[in-house]
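Encoded as structure tokens, the structure appears first; notes follow it.
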Amino acid sequence: MPDLLQWLMNSNESWTRYRTLVDLLDQPEDASEVREARAQMLDHPMIRGLINDASSRGEQPLKRHNDAGHPIHKLATLVDFGLRVEDQQMQPLLETVISNQSTQGAFQSVLNIPKAFGGSGEDMWTWVGCDAPVLLYVILKAGNDRDLRVRAAVDHLVGLSSEVGWRCSAAPELGKFRGPGRKSDPCPIANVYSLKALSLVPGLMDSPTAHAGVEMLLQHWESPPGQKYYLFGVGSDFRKLKYPFVWYDIMHVADVLSRFPFVHSDPRLQSMVAEIAQNADTGGRYTASSMYQTWKGWSFADKKNPSPWLTFLVLRIQKRLGKNHLL
């Protein structure tokens with residue numbers, strides 16, 4: 001086994017070992033080493049802490065969508081690590097997502113949108129285009145894709161798309177609420193979240209809807225750094241390596257795009273992945289260049305030392321594109 005993969009397997013992060021075995025080394029879920037790593041992950045105190053934090057999703061209103069400490073993003077991180085619907089700890093969390101569905105089909109969160117931005121200033125169960133797809137991703141990634149309510153959420157998400165991908169959207173009860181941008185422009189973060197969810201629906205992987213969203217992100221990548229949609233640009237902050245996948249940044253976008261085989265040979269995606277690779281140290285390891293303070297204590301929120309999880313994520317992107325010669 002190459003030294004870099006051995007370094008990942010020697011990590012004290014059971015979630016990194018588990019995903020390395022499955023995603024990089026193609027080991028089956030029933031392999032003894034995989035089962036052991038997964039069991040250790042489920043029993044890890046940091047994972048149990050995330051589950052506990054995520055259980056307060058209905059109690060803590062989402063006031064800003066880049067709140068990395070909000071339960072919605074802790075749920076997304078748990079499924080990134082590989083927790084599933086059959087895990088006893090996850091079942092009640094997932095049911096609270098599915099049971100709070102709008103009449104339009106979108107899964108809802110408790111949002112608090114100030115009056116200055118077109119909201120009521122009060123906590124309410126509702127949805128906007130940059131939180132509902134996150135919840136749909138959580139449900140699909142956890143393996144709960146057979147529920148008719150989930151199918152309705154997928155159909156709703158597809159119905160929101162346009163020839164330029166996803167624009168800013170919100171529930172009817174939010175009236176004139178819209179993010180800080182032109183109504184005709186696509187919303188970059190809504191495209192990232194929506195594509196991530198659709199990447200888990202096999203029948204939509206090569207659909208016109210997916211192509212439109214992917215093209216929107218690729219066009220934005222090759223645009224001048226000053227070109228912004230809804231305040232999102234591709235300047236220096238965008239290019240910093242960061243996890244969890246909460247907001248609009250190069251790792252998040254590259255990871256989502258790499259899920260779609262039809263774009264693997266696109267030179268724009270390849271240039272994005274090449275830029276990420278420039279951050280590797282002499283051993284091929286990656287260190288966060290930005291961090292969320294609320295995740296301090298995790299390796300991917302440490303700007304001084306290489307992160308096994310961040311390194312795994314880069315290697316997985318490279319593998320999807322056929323550019324990782326370690327594997």
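We name chains A, B, ... following the order of the structure tokens; residues begin at 1 in each chain, and ligands are numbered from 1 as shown.
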
Which polymer residues have any atom within 12 Å of an atom of Thr103 of chain A, counting only C-alpha atoms, with same-chain residues fewer than 2 positions away left out, as a ChimeraX atom specification? /A:99-101,105-108,125-127,149,152-153,156,171-173

Pull the closest atom pair for each residue of segment 39-154 of chain A that gets at most 10 Å from segment 272-295 of chain A, along with the distance in Å to one decimal, counting only C-alpha atoms, ordering rows by chain and then ascending residue number, as CSV.
residue,atom,partner,partner_atom,distance
A:Asn66,CA,A:Tyr292,CA,9.9
A:Asp67,CA,A:Tyr292,CA,9.0
A:Ala68,CA,A:Tyr292,CA,6.7
A:Gly69,CA,A:Thr294,CA,5.7
A:His70,CA,A:Thr294,CA,9.5
A:Lys74,CA,A:Trp295,CA,10.0

Write out as a PyMOL selection string all residues of segment 42-176 of chain A that backbone DSSP assigns to helix (DSSP H, G or I). chain A and resi 42+45-54+71-81+91-98+115-117+132-141+148-159+172-174

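The residues of segment 58-146 of chain A that DSSP classifies as strand (DSSP E), using the backbone of this structure, are Ser109, Val110, Leu111, Asn112, Asp123, Met124, Trp125 and Thr126 of chain A.
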
Could you please take those selected residues and save N, CA and C atoms as a CSV table (one decimal), in the first residue's frame?
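Written out: part-v3.csv:
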chain,number,residue,atom,x,y,z
A,109,SER,N,-37.0,23.6,7.2
A,109,SER,CA,-36.2,23.9,8.4
A,109,SER,C,-36.9,25.0,9.2
A,110,VAL,N,-36.5,25.1,10.4
A,110,VAL,CA,-37.0,26.3,11.1
A,110,VAL,C,-36.1,27.5,10.7
A,111,LEU,N,-36.6,28.4,10.0
A,111,LEU,CA,-35.9,29.6,9.6
A,111,LEU,C,-36.4,30.8,10.3
A,112,ASN,N,-35.4,31.8,10.4
A,112,ASN,CA,-35.8,33.1,10.9
A,112,ASN,C,-35.2,34.1,10.0
A,123,ASP,N,-39.5,32.8,14.0
A,123,ASP,CA,-39.2,31.4,13.7
A,123,ASP,C,-40.4,30.7,13.0
A,124,MET,N,-40.1,30.0,11.9
A,124,MET,CA,-41.2,29.3,11.2
A,124,MET,C,-40.6,28.2,10.4
A,125,TRP,N,-41.4,27.1,10.3
A,125,TRP,CA,-41.1,26.0,9.5
A,125,TRP,C,-41.4,26.3,8.0
A,126,THR,N,-40.3,26.4,7.2
A,126,THR,CA,-40.5,26.8,5.8
A,126,THR,C,-39.2,26.3,5.1

Show me, as a PDB file with C-alpha atoms, in the first residue's frame, the residues that have an atom within 10 Å of Phe177 of chain A when counting only C-alpha atoms, minus same-chain residues fewer than 3 positions from it.
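Listing of out-v7.pdb after writing:
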ATOM      1  CA  ILE A 113     -35.602  35.643   8.117  1.00  0.00           C
ATOM      2  CA  PRO A 114     -35.449  39.270   9.282  1.00  0.00           C
ATOM      3  CA  LYS A 115     -38.091  41.695   8.054  1.00  0.00           C
ATOM      4  CA  ALA A 116     -35.329  43.718   6.374  1.00  0.00           C
ATOM      5  CA  PHE A 117     -34.765  40.787   4.022  1.00  0.00           C
ATOM      6  CA  GLY A 118     -38.411  40.113   3.282  1.00  0.00           C
ATOM      7  CA  GLY A 119     -39.122  37.706   6.129  1.00  0.00           C
ATOM      8  CA  SER A 120     -41.286  37.931   9.222  1.00  0.00           C
ATOM      9  CA  VAL A 128     -35.595  28.274   0.723  1.00  0.00           C
ATOM     10  CA  CYS A 168     -32.849  31.873  -5.752  1.00  0.00           C
ATOM     11  CA  SER A 169     -36.165  30.387  -4.649  1.00  0.00           C
ATOM     12  CA  ALA A 170     -38.308  30.276  -1.542  1.00  0.00           C
ATOM     13  CA  ALA A 171     -41.612  29.011  -0.201  1.00  0.00           C
ATOM     14  CA  PRO A 172     -44.747  30.962  -1.217  1.00  0.00           C
ATOM     15  CA  GLU A 173     -45.383  32.016   2.378  1.00  0.00           C
ATOM     16  CA  LEU A 174     -42.109  33.969   2.357  1.00  0.00           C
ATOM     17  CA  PRO A 180     -28.993  39.727  -2.551  1.00  0.00           C
TER      18      PRO A 180
END
